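Colleague: Provided herewith is a single structure, encoded as structure tokens, for subsequent inquiry.
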Amino acid sequence: MRHKGTVRLETGRLALRRFVPEDMESFYRHCLSDWQVWRWTSYPKMDSLQDVQEKGGLFTPPWFEAYAQPQRYSWAIAERSEGGLGGPAIGRVFGMHPDGRTEDIELAYELGRAFWGRGYMTEAVAEVLRFFFEEVGFYRVHCYHAQGNPASGRVMEKCGMRQEGVMRMACVCNGGRYSQVNYALLREEYEKERERR
């Protein structure tokens, strides 16, 4: 495997880039302070920008310093602006627990409610999957969603991921306890789909 860390990625409409300190207000407003987004996460309740750092542990010096690690994958999602530089952070897509032995990584994501229904998350996840398989060399990428949040599962399906099963009442998030719906994509499945396009 060839870990590259959080390098800048681009799609037709989006820039996937490292977070910068100036993103805190936008990310808080779009994701952390909106119940409809926050309910599907396990973040502590945050009522201010100060809480983002003190309760959430986000946007702190150690959080930014983690970008120096080649196995750190945490992209801010931004709309591409004039010249493709990218605007404020409207969401996030990140890879967790990369395993060098099994060549596997878990994928998670969130997007501000104002940007739902535009295909943005599908676009972002598809690009990260391409990067993980083609540039880093993962064999398997997996993720899950709470059964009460089927829109998240539709993103996974549109990106070619396959449902692997349901763990009954195994997902505990801020919105309650739900069954956990598991998805994954294998390298050969990704490559087969790429050849068809």
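A note on labels: chains of the structure tokens are A, B, ... as shown, every chain counts residues from 1, and ligands are counted from 1 in their shown order.
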Find the spatial neighbours of A:Gly86, counting only C-alpha atoms, within a cut-off of 12 Å - ignore same-chain residues fewer than 3 positions away - and output them as a ChimeraX atom specification.
Modeller: /A:8-20,23,76-83,89-90
Colleague: Could you turn the residues from that selection into a file that holds N, CA, C and O atoms, as a short mmCIF file (atom, residue, chain, number, x, y, z; two decimals), in the first residue's frame?
Modeller:
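Output below, filename result_3.cif:
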data_model
loop_
_atom_site.label_atom_id
_atom_site.label_comp_id
_atom_site.auth_asym_id
_atom_site.auth_seq_id
_atom_site.Cartn_x
_atom_site.Cartn_y
_atom_site.Cartn_z
N ARG A 8 -5.26 16.77 -1.75
CA ARG A 8 -6.39 17.44 -2.38
C ARG A 8 -6.95 16.59 -3.52
O ARG A 8 -6.20 16.08 -4.37
N LEU A 9 -8.27 16.45 -3.55
CA LEU A 9 -8.97 15.75 -4.61
C LEU A 9 -10.03 16.68 -5.17
O LEU A 9 -10.55 17.53 -4.45
N GLU A 10 -10.38 16.51 -6.45
CA GLU A 10 -11.39 17.36 -7.05
C GLU A 10 -12.35 16.54 -7.88
O GLU A 10 -11.99 15.52 -8.46
N THR A 11 -13.61 16.98 -7.90
CA THR A 11 -14.62 16.42 -8.78
C THR A 11 -15.14 17.57 -9.65
O THR A 11 -14.64 18.69 -9.57
N GLY A 12 -16.15 17.29 -10.42
CA GLY A 12 -16.69 18.35 -11.26
C GLY A 12 -17.18 19.56 -10.49
O GLY A 12 -17.05 20.70 -10.95
N ARG A 13 -17.75 19.31 -9.30
CA ARG A 13 -18.35 20.41 -8.53
C ARG A 13 -17.71 20.66 -7.18
O ARG A 13 -17.99 21.67 -6.54
N LEU A 14 -16.86 19.74 -6.74
CA LEU A 14 -16.38 19.80 -5.37
C LEU A 14 -14.85 19.80 -5.28
O LEU A 14 -14.17 19.25 -6.14
N ALA A 15 -14.36 20.41 -4.21
CA ALA A 15 -12.96 20.30 -3.81
C ALA A 15 -12.93 19.55 -2.48
O ALA A 15 -13.63 19.92 -1.54
N LEU A 16 -12.17 18.49 -2.42
CA LEU A 16 -11.96 17.74 -1.19
C LEU A 16 -10.55 18.08 -0.73
O LEU A 16 -9.57 17.77 -1.41
N ARG A 17 -10.45 18.71 0.42
CA ARG A 17 -9.17 19.27 0.84
C ARG A 17 -9.03 19.15 2.36
O ARG A 17 -9.97 18.77 3.05
N ARG A 18 -7.84 19.48 2.84
CA ARG A 18 -7.64 19.51 4.28
C ARG A 18 -8.44 20.65 4.91
O ARG A 18 -8.62 21.70 4.30
N PHE A 19 -8.89 20.41 6.11
CA PHE A 19 -9.52 21.49 6.87
C PHE A 19 -8.46 22.54 7.23
O PHE A 19 -7.29 22.22 7.43
N VAL A 20 -8.91 23.76 7.32
CA VAL A 20 -8.09 24.86 7.82
C VAL A 20 -8.86 25.52 8.97
O VAL A 20 -10.07 25.34 9.10
N ASP A 23 -12.34 27.06 8.62
CA ASP A 23 -13.50 26.22 8.32
C ASP A 23 -14.38 25.95 9.54
O ASP A 23 -15.50 25.45 9.40
N ALA A 76 -12.26 17.98 4.13
CA ALA A 76 -13.37 18.93 4.11
C ALA A 76 -13.99 18.88 2.72
O ALA A 76 -13.29 18.79 1.71
N ILE A 77 -15.31 18.94 2.67
CA ILE A 77 -16.03 19.01 1.39
C ILE A 77 -16.37 20.48 1.15
O ILE A 77 -16.98 21.12 2.00
N ALA A 78 -15.97 21.00 0.02
CA ALA A 78 -16.26 22.39 -0.33
C ALA A 78 -16.71 22.45 -1.78
O ALA A 78 -16.27 21.66 -2.61
N GLU A 79 -17.59 23.38 -2.07
CA GLU A 79 -17.96 23.62 -3.45
C GLU A 79 -16.79 24.30 -4.15
O GLU A 79 -16.15 25.19 -3.58
N ARG A 80 -16.53 23.88 -5.38
CA ARG A 80 -15.46 24.53 -6.13
C ARG A 80 -15.88 25.94 -6.47
O ARG A 80 -16.99 26.19 -6.92
N SER A 81 -14.98 26.86 -6.26
CA SER A 81 -15.24 28.27 -6.55
C SER A 81 -14.52 28.65 -7.83
O SER A 81 -13.91 27.82 -8.50
N GLU A 82 -14.59 29.92 -8.18
CA GLU A 82 -13.89 30.41 -9.37
C GLU A 82 -12.42 30.03 -9.30
O GLU A 82 -11.74 30.30 -8.33
N GLY A 83 -11.94 29.36 -10.31
CA GLY A 83 -10.55 28.91 -10.33
C GLY A 83 -10.36 27.57 -9.65
O GLY A 83 -9.26 27.05 -9.59
N ALA A 89 -16.11 24.96 4.12
CA ALA A 89 -16.43 23.55 4.36
C ALA A 89 -17.92 23.39 4.60
O ALA A 89 -18.50 24.05 5.46
N ILE A 90 -18.54 22.48 3.84
CA ILE A 90 -19.97 22.20 4.00
C ILE A 90 -20.21 20.77 4.48
O ILE A 90 -21.35 20.37 4.68
#
Colleague: Need the shell around A:Val141: protein/DNA/RNA residues with any atom at most 12 Å away, counting only C-alpha atoms. Skip same-chain ones fewer than 2 positions apart. Format as JSON, numbers by chain?
Modeller: {"A": [94, 95, 96, 97, 98, 99, 102, 103, 104, 105, 106, 107, 108, 125, 126, 128, 129, 130, 131, 132, 133, 136, 137, 138, 139, 143, 144, 156, 159, 160, 161, 162, 182, 183, 184, 185, 186, 187, 188, 189, 190]}
Colleague: Go through A:Thr41, A:Ser48, A:Gln163, A:Ser179 one by one, measure the shortest atom-to-atom distance of each to A:Arg29 using only C-alpha atoms, and give the residue with the smallest value.
Modeller: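 Among A:Thr41, A:Ser48, A:Gln163, A:Ser179, it is A:Ser48 that comes nearest to A:Arg29.
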Colleague: In Å, how far is it from atom CA of A:Phe115 to atom CA of A:Cys31?
Modeller: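 A separation of 10.8 Å between them.
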Colleague: Could you tell me which of A:Gln50, A:Ser26, A:Gln69, A:Asn149 comes closest to A:Arg92 if we count only C-alpha atoms?
Modeller: A:Ser26
Colleague: I need the residue nearest A:Ala151 from this list: A:Gly87, A:Gly176, A:Gly119, A:Pro61. Use only C-alpha atoms for the distance.
Modeller: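 Closest residue, counting only C-alpha atoms: A:Gly119.
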Colleague: Residues of stretch 2-179 of chain A classed as helix (DSSP H, G or I) by DSSP on the backbone are to be reported as a PyMOL selection string.
Modeller: chain A and resi 21-32+35-38+49-54+61-68+82-84+113-115+120-136+150-158
Colleague: When distances are computed from only C-alpha atoms, which of A:Glu65, A:Glu157, A:Glu164, A:Glu110 shows the smallest separation from A:Phe27?
Modeller: A:Glu110
Colleague: Any idea what's packed within 9 Å of A:Val172, counting only C-alpha atoms, ignoring anything in its chain fewer than 6 positions away? Could you give it as a PyMOL selection string?
Modeller: chain A and resi 40-42+146+178-180
Colleague: Using DSSP on the backbone coordinates, identify the residues of stretch 10-125 of chain A assigned to strand (DSSP E or B); present them as a ChimeraX atom specification.
Modeller: /A:10,14-17,73-79,89-99,104-111
Colleague: Next, the residues of the selection above should be written as a short mmCIF file (atom, residue, chain, number, x, y, z; two decimals), in the first residue's frame with N, CA, C and O atoms.
Modeller:
data_model
loop_
_atom_site.label_atom_id
_atom_site.label_comp_id
_atom_site.auth_asym_id
_atom_site.auth_seq_id
_atom_site.Cartn_x
_atom_site.Cartn_y
_atom_site.Cartn_z
N GLU A 10 -10.38 16.51 -6.45
CA GLU A 10 -11.39 17.36 -7.05
C GLU A 10 -12.35 16.54 -7.88
O GLU A 10 -11.99 15.52 -8.46
N LEU A 14 -16.86 19.74 -6.74
CA LEU A 14 -16.38 19.80 -5.37
C LEU A 14 -14.85 19.80 -5.28
O LEU A 14 -14.17 19.25 -6.14
N ALA A 15 -14.36 20.41 -4.21
CA ALA A 15 -12.96 20.30 -3.81
C ALA A 15 -12.93 19.55 -2.48
O ALA A 15 -13.63 19.92 -1.54
N LEU A 16 -12.17 18.49 -2.42
CA LEU A 16 -11.96 17.74 -1.19
C LEU A 16 -10.55 18.08 -0.73
O LEU A 16 -9.57 17.77 -1.41
N ARG A 17 -10.45 18.71 0.42
CA ARG A 17 -9.17 19.27 0.84
C ARG A 17 -9.03 19.15 2.36
O ARG A 17 -9.97 18.77 3.05
N TYR A 73 -6.74 10.42 6.86
CA TYR A 73 -7.60 10.74 5.72
C TYR A 73 -8.84 11.47 6.22
O TYR A 73 -9.78 10.85 6.71
N SER A 74 -8.83 12.78 6.15
CA SER A 74 -9.94 13.60 6.65
C SER A 74 -10.11 14.82 5.75
O SER A 74 -9.37 15.80 5.88
N TRP A 75 -11.08 14.73 4.85
CA TRP A 75 -11.29 15.79 3.87
C TRP A 75 -12.46 16.69 4.24
O TRP A 75 -13.54 16.21 4.58
N ALA A 76 -12.26 17.98 4.13
CA ALA A 76 -13.37 18.93 4.11
C ALA A 76 -13.99 18.88 2.72
O ALA A 76 -13.29 18.79 1.71
N ILE A 77 -15.31 18.94 2.67
CA ILE A 77 -16.03 19.01 1.39
C ILE A 77 -16.37 20.48 1.15
O ILE A 77 -16.98 21.12 2.00
N ALA A 78 -15.97 21.00 0.02
CA ALA A 78 -16.26 22.39 -0.33
C ALA A 78 -16.71 22.45 -1.78
O ALA A 78 -16.27 21.66 -2.61
N GLU A 79 -17.59 23.38 -2.07
CA GLU A 79 -17.96 23.62 -3.45
C GLU A 79 -16.79 24.30 -4.15
O GLU A 79 -16.15 25.19 -3.58
N ALA A 89 -16.11 24.96 4.12
CA ALA A 89 -16.43 23.55 4.36
C ALA A 89 -17.92 23.39 4.60
O ALA A 89 -18.50 24.05 5.46
N ILE A 90 -18.54 22.48 3.84
CA ILE A 90 -19.97 22.20 4.00
C ILE A 90 -20.21 20.77 4.48
O ILE A 90 -21.35 20.37 4.68
N GLY A 91 -19.13 20.02 4.67
CA GLY A 91 -19.25 18.64 5.13
C GLY A 91 -17.90 18.01 5.26
O GLY A 91 -16.86 18.69 5.17
N ARG A 92 -17.92 16.70 5.44
CA ARG A 92 -16.66 15.99 5.63
C ARG A 92 -16.80 14.56 5.13
O ARG A 92 -17.86 13.95 5.22
N VAL A 93 -15.72 14.01 4.63
CA VAL A 93 -15.61 12.58 4.33
C VAL A 93 -14.27 12.13 4.86
O VAL A 93 -13.26 12.80 4.67
N PHE A 94 -14.25 11.01 5.59
CA PHE A 94 -13.01 10.60 6.22
C PHE A 94 -12.89 9.08 6.31
O PHE A 94 -13.89 8.36 6.36
N GLY A 95 -11.64 8.63 6.30
CA GLY A 95 -11.34 7.21 6.44
C GLY A 95 -10.78 6.95 7.82
O GLY A 95 -9.95 7.71 8.32
N MET A 96 -11.26 5.87 8.44
CA MET A 96 -10.86 5.55 9.82
C MET A 96 -10.31 4.14 9.90
O MET A 96 -10.68 3.26 9.13
N HIS A 97 -9.43 3.93 10.86
CA HIS A 97 -8.91 2.61 11.21
C HIS A 97 -8.33 1.85 10.02
O HIS A 97 -8.69 0.71 9.75
N PRO A 98 -7.42 2.47 9.25
CA PRO A 98 -6.80 1.72 8.16
C PRO A 98 -6.01 0.54 8.69
O PRO A 98 -5.27 0.66 9.67
N ASP A 99 -6.19 -0.60 8.07
CA ASP A 99 -5.55 -1.83 8.51
C ASP A 99 -4.61 -2.32 7.42
O ASP A 99 -5.06 -2.73 6.34
N ASP A 104 -7.75 -2.75 4.53
CA ASP A 104 -9.14 -2.36 4.70
C ASP A 104 -9.21 -1.01 5.42
O ASP A 104 -8.34 -0.69 6.24
N ILE A 105 -10.25 -0.23 5.12
CA ILE A 105 -10.46 1.05 5.81
C ILE A 105 -11.95 1.30 5.92
O ILE A 105 -12.73 0.90 5.05
N GLU A 106 -12.35 1.97 7.00
CA GLU A 106 -13.75 2.35 7.19
C GLU A 106 -13.96 3.77 6.69
O GLU A 106 -13.13 4.65 6.93
N LEU A 107 -15.07 4.00 6.01
CA LEU A 107 -15.40 5.30 5.45
C LEU A 107 -16.60 5.88 6.18
O LEU A 107 -17.55 5.16 6.50
N ALA A 108 -16.56 7.17 6.46
CA ALA A 108 -17.69 7.87 7.09
C ALA A 108 -17.81 9.25 6.46
O ALA A 108 -16.85 9.78 5.90
N TYR A 109 -19.00 9.86 6.59
CA TYR A 109 -19.21 11.15 5.96
C TYR A 109 -20.41 11.86 6.55
O TYR A 109 -21.28 11.25 7.19
N GLU A 110 -20.43 13.19 6.35
CA GLU A 110 -21.58 14.01 6.74
C GLU A 110 -21.59 15.25 5.86
O GLU A 110 -20.54 15.70 5.39
N LEU A 111 -22.79 15.77 5.63
CA LEU A 111 -22.96 16.92 4.75
C LEU A 111 -24.04 17.82 5.30
O LEU A 111 -25.07 17.35 5.80
#
